[in-house]
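Coordinates as given in start_24.txt (compact mmCIF, C-alpha atoms):
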# COMPACT_ATOMS: atom_id res chain seq x y z
CA MET A 1 125.21 199.04 -12.34
CA VAL A 2 123.66 199.38 -8.87
CA ASN A 3 121.78 202.67 -8.48
CA ARG A 4 123.10 204.68 -5.51
CA LYS A 5 122.18 208.16 -4.31
CA ALA A 6 125.50 208.63 -2.53
CA PRO A 7 128.57 206.56 -1.88
CA GLY A 8 127.56 203.56 0.25
CA GLU A 9 123.83 204.26 -0.08
CA PHE A 10 121.31 202.14 -2.11
CA SER A 11 118.17 203.55 -3.60
CA PRO A 12 114.76 202.24 -2.41
CA GLU A 13 114.27 200.55 -5.80
CA THR A 14 117.57 198.74 -5.48
CA ILE A 15 116.78 197.68 -1.92
CA ASP A 16 113.41 196.29 -3.06
CA LEU A 17 115.11 194.45 -5.90
CA LEU A 18 117.73 192.95 -3.59
CA ASN A 19 115.07 191.94 -1.05
CA THR A 20 113.06 190.24 -3.77
CA PHE A 21 116.17 188.47 -5.04
CA ALA A 22 117.08 187.31 -1.52
CA THR A 23 113.54 186.05 -0.89
CA GLN A 24 113.43 184.16 -4.19
CA SER A 25 116.89 182.71 -3.55
CA ALA A 26 115.82 181.48 -0.12
CA LEU A 27 112.70 179.90 -1.62
CA ALA A 28 114.76 178.23 -4.34
CA ILE A 29 117.15 176.80 -1.76
CA GLN A 30 114.24 175.60 0.38
CA ASN A 31 112.51 174.03 -2.63
CA ALA A 32 115.72 172.30 -3.65
CA ARG A 33 116.08 170.92 -0.12
CA LEU A 34 112.46 169.72 -0.10
CA PHE A 35 112.86 168.16 -3.54
CA ARG A 36 115.93 166.25 -2.34
CA GLU A 37 114.02 165.04 0.72
CA ILE A 38 111.13 163.89 -1.47
CA GLU A 39 113.56 162.08 -3.75
CA ASP A 40 115.14 160.35 -0.75
CA LYS A 41 111.73 159.36 0.69
CA SER A 42 110.61 158.10 -2.71
CA ALA A 43 113.73 155.98 -3.04
CA GLN A 44 113.24 154.59 0.47
CA LEU A 45 109.60 153.80 -0.30
CA GLU A 46 110.56 152.06 -3.53
CA VAL A 47 113.10 149.92 -1.68
CA ALA A 48 110.56 149.10 1.04
CA THR A 49 107.97 148.13 -1.58
CA GLN A 50 110.54 145.96 -3.33
CA HIS A 51 111.43 144.21 -0.07
CA LYS A 52 107.74 143.69 0.76
CA SER A 53 107.07 142.17 -2.64
CA GLU A 54 110.11 139.91 -2.40
CA PHE A 55 109.10 138.81 1.11
CA LEU A 56 105.55 137.98 0.00
CA ALA A 57 106.85 136.12 -3.04
CA ASN A 58 109.28 134.05 -0.96
CA MET A 59 106.71 133.39 1.77
CA SER A 60 104.09 132.32 -0.76
CA HIS A 61 106.57 130.01 -2.45
CA GLU A 62 107.49 128.39 0.88
CA LEU A 63 103.82 127.88 1.79
CA ARG A 64 102.97 126.14 -1.47
CA THR A 65 105.24 123.14 -0.87
CA PRO A 66 103.56 121.80 2.31
CA LEU A 67 100.14 122.81 1.01
CA ASN A 68 100.64 120.78 -2.16
CA ALA A 69 101.51 117.82 0.06
CA VAL A 70 98.24 118.23 2.01
CA ILE A 71 96.28 118.39 -1.25
CA GLY A 72 98.11 115.42 -2.73
CA PHE A 73 97.65 113.17 0.30
CA SER A 74 93.97 114.11 0.52
CA GLU A 75 93.48 113.11 -3.11
CA VAL A 76 95.26 109.80 -2.54
CA LEU A 77 93.08 108.97 0.47
CA LEU A 78 89.90 109.93 -1.38
CA GLU A 79 90.86 107.56 -4.19
CA ARG A 80 90.75 104.73 -1.60
CA MET A 81 94.33 103.73 -2.34
CA PHE A 82 94.80 102.80 1.34
CA GLY A 83 91.39 101.30 1.95
CA ASP A 84 87.75 102.27 2.21
CA LEU A 85 86.49 105.34 4.04
CA ASN A 86 83.38 105.72 6.11
CA PRO A 87 81.00 108.59 5.19
CA LYS A 88 82.33 110.91 7.90
CA GLN A 89 85.96 110.36 6.87
CA ASP A 90 85.02 110.99 3.25
CA GLU A 91 83.25 114.23 4.22
CA TYR A 92 86.19 115.48 6.26
CA LEU A 93 88.69 114.68 3.51
CA GLN A 94 86.54 116.48 0.94
CA ASP A 95 86.55 119.54 3.23
CA ILE A 96 90.33 119.32 3.64
CA LEU A 97 90.85 119.02 -0.12
CA SER A 98 88.46 121.87 -0.92
CA SER A 99 90.01 124.16 1.69
CA GLY A 100 93.52 123.26 0.56
CA ARG A 101 92.76 124.07 -3.06
CA HIS A 102 91.11 127.33 -2.05
CA LEU A 103 94.12 128.33 0.05
CA LEU A 104 96.48 127.40 -2.78
CA SER A 105 94.51 129.64 -5.12
CA LEU A 106 94.85 132.55 -2.68
CA ILE A 107 98.58 131.96 -2.29
CA ASN A 108 99.03 131.85 -6.06
CA ASP A 109 97.20 135.19 -6.36
CA ILE A 110 99.48 136.80 -3.76
CA LEU A 111 102.54 135.30 -5.45
CA ASP A 112 101.49 136.64 -8.85
CA LEU A 113 100.82 140.12 -7.45
CA SER A 114 104.17 140.14 -5.66
CA LYS A 115 105.98 139.18 -8.85
CA ILE A 116 104.26 141.98 -10.76
CA GLU A 117 105.10 144.58 -8.11
CA ALA A 118 108.70 143.39 -7.96
CA GLY A 119 109.00 143.56 -11.75
CA ARG A 120 109.62 139.81 -11.95
CA MET A 121 106.50 138.76 -13.83
CA GLU A 122 107.32 137.59 -17.34
CA LEU A 123 104.92 136.71 -20.13
CA GLU A 124 105.29 133.35 -21.86
CA LEU A 125 104.18 134.46 -25.30
CA THR A 126 102.73 131.98 -27.78
CA THR A 127 100.23 132.05 -30.61
CA PHE A 128 97.01 130.39 -29.49
CA ASP A 129 93.41 130.04 -30.64
CA LEU A 130 91.35 132.54 -28.65
CA PRO A 131 87.92 130.99 -29.44
CA VAL A 132 89.15 127.62 -28.13
CA ALA A 133 90.50 129.28 -24.98
CA LEU A 134 87.12 130.96 -24.39
CA ASP A 135 85.27 127.68 -24.87
CA ASN A 136 87.62 125.94 -22.42
CA ALA A 137 87.01 128.66 -19.82
CA LEU A 138 83.24 128.24 -20.22
CA THR A 139 83.61 124.50 -19.68
CA LEU A 140 85.23 125.13 -16.29
CA VAL A 141 82.24 127.13 -14.98
CA ARG A 142 79.48 125.21 -16.77
CA GLU A 143 78.79 122.76 -13.94
CA ARG A 144 78.32 125.55 -11.40
CA ALA A 145 76.17 127.55 -13.80
CA THR A 146 73.96 124.54 -14.57
CA ARG A 147 73.53 123.84 -10.88
CA HIS A 148 72.09 127.34 -10.44
CA GLY A 149 70.03 127.36 -13.61
CA ILE A 150 72.25 129.98 -15.29
CA ARG A 151 72.48 129.91 -19.07
CA LEU A 152 75.91 130.27 -20.69
CA ASP A 153 76.26 131.66 -24.22
CA LEU A 154 79.32 132.11 -26.42
CA ALA A 155 79.29 134.32 -29.52
CA VAL A 156 82.57 134.65 -31.43
CA ASP A 157 82.92 136.71 -34.59
CA ASP A 158 84.27 134.66 -37.52
CA ARG A 159 87.15 137.13 -37.87
CA VAL A 160 88.47 136.30 -34.39
CA GLY A 161 91.10 133.56 -34.41
CA ALA A 162 94.66 133.18 -33.20
CA VAL A 163 96.26 135.83 -30.99
CA VAL A 164 99.72 136.34 -29.52
CA GLY A 165 99.90 136.36 -25.75
CA ASP A 166 100.45 134.42 -22.56
CA GLU A 167 97.72 131.80 -22.93
CA ARG A 168 97.65 130.80 -19.26
CA LYS A 169 97.29 134.38 -18.04
CA ILE A 170 94.64 135.27 -20.62
CA LYS A 171 92.67 132.17 -19.62
CA GLN A 172 93.04 133.20 -15.98
CA VAL A 173 91.59 136.64 -16.79
CA ILE A 174 88.59 135.20 -18.66
CA LEU A 175 87.98 132.52 -16.04
CA ASN A 176 88.00 135.12 -13.27
CA LEU A 177 85.46 137.26 -15.11
CA LEU A 178 83.28 134.21 -15.83
CA SER A 179 83.46 132.95 -12.25
CA ASN A 180 82.40 136.36 -10.93
CA ALA A 181 79.59 136.58 -13.48
CA VAL A 182 78.19 133.19 -12.46
CA LYS A 183 78.66 133.96 -8.77
CA PHE A 184 76.72 137.21 -8.89
CA THR A 185 73.95 136.13 -11.26
CA PRO A 186 70.74 134.82 -9.66
CA GLU A 187 69.10 131.55 -10.65
CA GLY A 188 67.57 131.64 -14.09
CA GLY A 189 69.97 134.36 -15.25
CA ARG A 190 72.33 134.45 -18.19
CA VAL A 191 76.06 134.93 -18.75
CA THR A 192 77.24 135.75 -22.26
CA VAL A 193 80.76 135.86 -23.69
CA ARG A 194 81.30 137.78 -26.92
CA ALA A 195 84.50 138.19 -28.93
CA LEU A 196 84.89 140.50 -31.90
CA PRO A 197 87.63 142.51 -33.64
CA ALA A 198 88.00 146.17 -32.73
CA GLY A 199 90.54 147.93 -34.92
CA ASP A 200 93.99 146.50 -34.18
CA ALA A 201 92.65 144.68 -31.11
CA VAL A 202 90.22 141.95 -30.22
CA GLU A 203 87.60 142.58 -27.55
CA VAL A 204 86.22 139.92 -25.24
CA ALA A 205 83.12 140.97 -23.30
CA VAL A 206 81.68 138.98 -20.40
CA SER A 207 78.11 140.08 -19.62
CA ASP A 208 75.75 138.91 -16.89
CA THR A 209 72.24 139.60 -15.63
CA GLY A 210 73.44 139.80 -12.04
CA ILE A 211 73.28 142.27 -9.17
CA GLY A 212 75.37 144.97 -10.83
CA ILE A 213 77.96 147.32 -9.37
CA ALA A 214 77.34 150.78 -7.90
CA PRO A 215 78.95 153.66 -9.87
CA GLU A 216 81.23 154.63 -6.97
CA ASP A 217 82.62 151.09 -6.78
CA ARG A 218 83.37 150.42 -10.44
CA GLU A 219 86.98 151.58 -10.28
CA ALA A 220 87.66 150.45 -6.72
CA ILE A 221 86.92 146.79 -7.51
CA PHE A 222 90.17 146.66 -9.50
CA GLU A 223 92.29 147.89 -6.58
CA GLU A 224 94.20 145.39 -4.49
CA PHE A 225 92.82 144.61 -1.02
CA ARG A 226 90.32 147.46 -1.44
CA GLN A 227 87.04 147.07 0.45
CA VAL A 228 84.03 148.78 -1.07
CA GLY A 229 80.49 149.00 0.16
CA SER A 230 78.38 147.41 -2.56
CA ASP A 231 76.67 144.03 -2.47
CA TYR A 232 79.10 143.02 -5.21
CA ALA A 233 82.08 143.69 -2.97
CA ARG A 234 80.56 141.99 0.06
CA LYS A 235 80.02 138.78 -1.90
CA ARG A 236 83.59 138.62 -3.13
CA GLU A 237 85.60 135.76 -1.69
CA GLY A 238 89.25 135.17 -0.96
CA THR A 239 91.88 137.88 -1.19
CA GLY A 240 89.84 140.06 -3.53
CA LEU A 241 92.80 140.05 -5.91
CA GLY A 242 91.07 138.41 -8.87
CA LEU A 243 90.10 141.60 -10.68
CA THR A 244 93.33 143.31 -9.63
CA LEU A 245 95.35 140.55 -11.28
CA ALA A 246 93.02 140.51 -14.29
CA ARG A 247 93.74 144.18 -14.95
CA LYS A 248 97.48 143.80 -14.39
CA PHE A 249 97.71 140.74 -16.67
CA VAL A 250 95.79 142.56 -19.40
CA GLU A 251 97.99 145.66 -19.04
CA LEU A 252 101.12 143.50 -19.28
CA HIS A 253 99.81 142.54 -22.74
CA GLY A 254 99.37 146.21 -23.62
CA GLY A 255 95.58 145.92 -23.34
CA THR A 256 92.79 147.43 -21.27
CA ILE A 257 89.85 146.25 -19.20
CA ARG A 258 86.72 148.26 -18.46
CA VAL A 259 83.37 147.70 -16.80
CA GLU A 260 79.85 148.91 -17.54
CA SER A 261 77.15 148.13 -15.02
CA GLU A 262 73.69 148.96 -13.80
CA VAL A 263 72.64 148.01 -10.28
CA GLY A 264 70.01 145.30 -10.38
CA ARG A 265 70.45 144.61 -14.10
CA GLY A 266 73.96 143.25 -14.53
CA SER A 267 77.50 144.05 -15.62
CA THR A 268 79.73 143.79 -18.66
CA PHE A 269 83.50 143.49 -18.35
CA THR A 270 85.32 144.13 -21.63
CA VAL A 271 88.92 143.11 -22.24
CA ALA A 272 90.71 144.64 -25.24
CA LEU A 273 93.86 142.82 -26.35
CA PRO A 274 96.19 144.05 -29.12
CA VAL A 275 96.35 141.49 -31.94
CA GLY A 276 99.82 140.20 -32.70
CA ARG A 277 101.58 142.48 -30.23
CA HIS A 278 104.01 141.19 -27.65
CA GLY A 279 102.95 143.43 -24.79
CA ARG A 280 105.32 145.02 -22.33
Written as C-alpha cells, how would this file's structure read?
Amino acid sequence: MVNRKAPGEFSPETIDLLNTFATQSALAIQNARLFREIEDKSAQLEVATQHKSEFLANMSHELRTPLNAVIGFSEVLLERMFGDLNPKQDEYLQDILSSGRHLLSLINDILDLSKIEAGRMELELTTFDLPVALDNALTLVRERATRHGIRLDLAVDDRVGAVVGDERKIKQVILNLLSNAVKFTPEGGRVTVRALPAGDAVEVAVSDTGIGIAPEDREAIFEEFRQVGSDYARKREGTGLGLTLARKFVELHGGTIRVESEVGRGSTFTVALPVGRHGR
C-alpha cells in the first residue's frame, strides 16, 4: 500500500520512491531506444560490409580475365612462337610478364580476403603429406635464397606425416612465411623450417636471422591494409595482405599463428594446425 499522511497526500519516502522509479524507468526506456539504434546501425554496417566484399570479389574476378590474357600473350611472345625478339623487346616483355604476374597475385589476395569476409570461402579438405608440402614450398624460394647467399634448412620430426586440410591454402601460408623470411634476411643469413607434433596439433615454425619486428608491430602486421612503422613493415610489398590471409587461412582450419621476434636478430612464425580436424 502507498503510505499517505492524509487523503491525497504522499509521504516524503513515497515521493522519493516514486521519483527513483520514474528516473529508472526513463533510463530503461532510453537504454532500450539506444540499444535498438545500435542494433540497427550494426545491421546496416553488416550489410555494407557484405556489399563491399561482394563488390571487391566481383571486381577482382572481372580483372583477372584480361590480366590472364596479357600474361598468356607475353609468355607466347617470349617463347619466340611468332619470331625472334631483339634484346630490348625481350626486356620489355619480361617486365610486362613480371608486372602482370605481380598484379595477378595482388588481385588473388584481394579476392581471397573478400570471399572470407563475405563468408564464401570454402576449404577443399584432403589428406596430404605435410613434409612433402614443406619441401615443395622451400623449392619455390630456393633460387632467390641462393642468389642472396641465404641458407635454407628443413627439420621435420619423424612423427609428422599426413594431415587433413586444404593443401593449397596451407602451402600458401607456408610459402608466404618463407618468402617474407628470405626477403627480410640479409646475405649470409639462414632460414629454418621446423615441423613437430604438439599435443593434438602439428606445429610448423619458420625462423629467420633477419631484421626482426618491433614489439608494438607484432600484432599489427596481421591486420589488413594496416601500416606500421617498423623497417619490416616498410619493406613489405604489394597489398600487405599476405600475413592477414595467412592468419585467416590458419583460423579457418581451427589453428593459430603466432610470432616471436627480436629486432636485429630475427623472427619465428609458428603455425599450429589441428591434426585430423576438418576446421570450421
**Separation of CA of Leu241 in chain A from CA of Ile213 in chain A in Å** =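 That distance, rounded to one decimal, is 16.9 Å.
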**Asked** Out of A:Lys169, A:Pro197, A:Leu17, A:Ala205, which residue has the shortest atom-to-atom distance to Leu252 in chain A when counting all atoms listed in the file?
**Response**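 So, comparing all the options, the nearest one is A:Lys169.
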**Message:** Report, in Å with one decimal, the straight-line distance from CA of Leu45 in chain A to CA of Lys115 in chain A.
**Reply:**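 Result for CA of Leu45 in chain A versus CA of Lys115 in chain A: 17.3 Å, one decimal.
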Residues of range 106-214 of chain A within 9 Å of range 61-73 of chain A: nearest atom pair and distance (Å, one decimal) for each, counting all atoms listed in the file, sorted by chain and number, as CSV?
residue,atom,partner,partner_atom,distance
A:Ile107,CA,A:Arg64,CA,7.3
A:Asn108,CA,A:Arg64,CA,8.3
A:Leu111,CA,A:His61,CA,7.3
**Request:** Work out how far apart CA of Arg265 in chain A and CA of Val182 in chain A are and give it in Å to one decimal.
**Result:**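 Computed distance, CA of Arg265 in chain A to CA of Val182 in chain A, equals 13.9 Å.
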**Prompt:** Given the choices A:Val263, A:Leu106, A:Glu167, A:Glu117, which gets closest to Asn136 in chain A if the distance is worked out from all atoms listed in the file?
**Reply:**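 Residue with the minimum atom-to-atom distance to Asn136 in chain A: A:Glu167.
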**Message:** Show me, as number ranges by chain, the residues that have an atom within 8 Å of Asn176 in chain A when counting all atoms listed in the file, minus same-chain residues fewer than 4 positions from it.
**Reply:** A: 172, 180, 242-243, 246
**Residue neighbourhood Ser267 in chain A, 9 Å, all atoms listed in the file, exclusion window fewer than 4 positions, as a PyMOL selection string** = chain A and resi 181+206-213+259-263
**Message:** So, with all atoms listed in the file as the atoms that count, which of A:Ala32, A:Val163, A:Val76, A:Ala118 lies closest to Glu46 in chain A?
**Reply:**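 For Glu46 in chain A, the nearest of the given residues is A:Ala118.
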**Asked** From the list A:Val141, A:Val160, A:Ile116, A:Leu34, which residue is nearest Phe128 in chain A when using only C-alpha atoms?
**Response**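 Smallest separation from Phe128 in chain A among the options: A:Val160.
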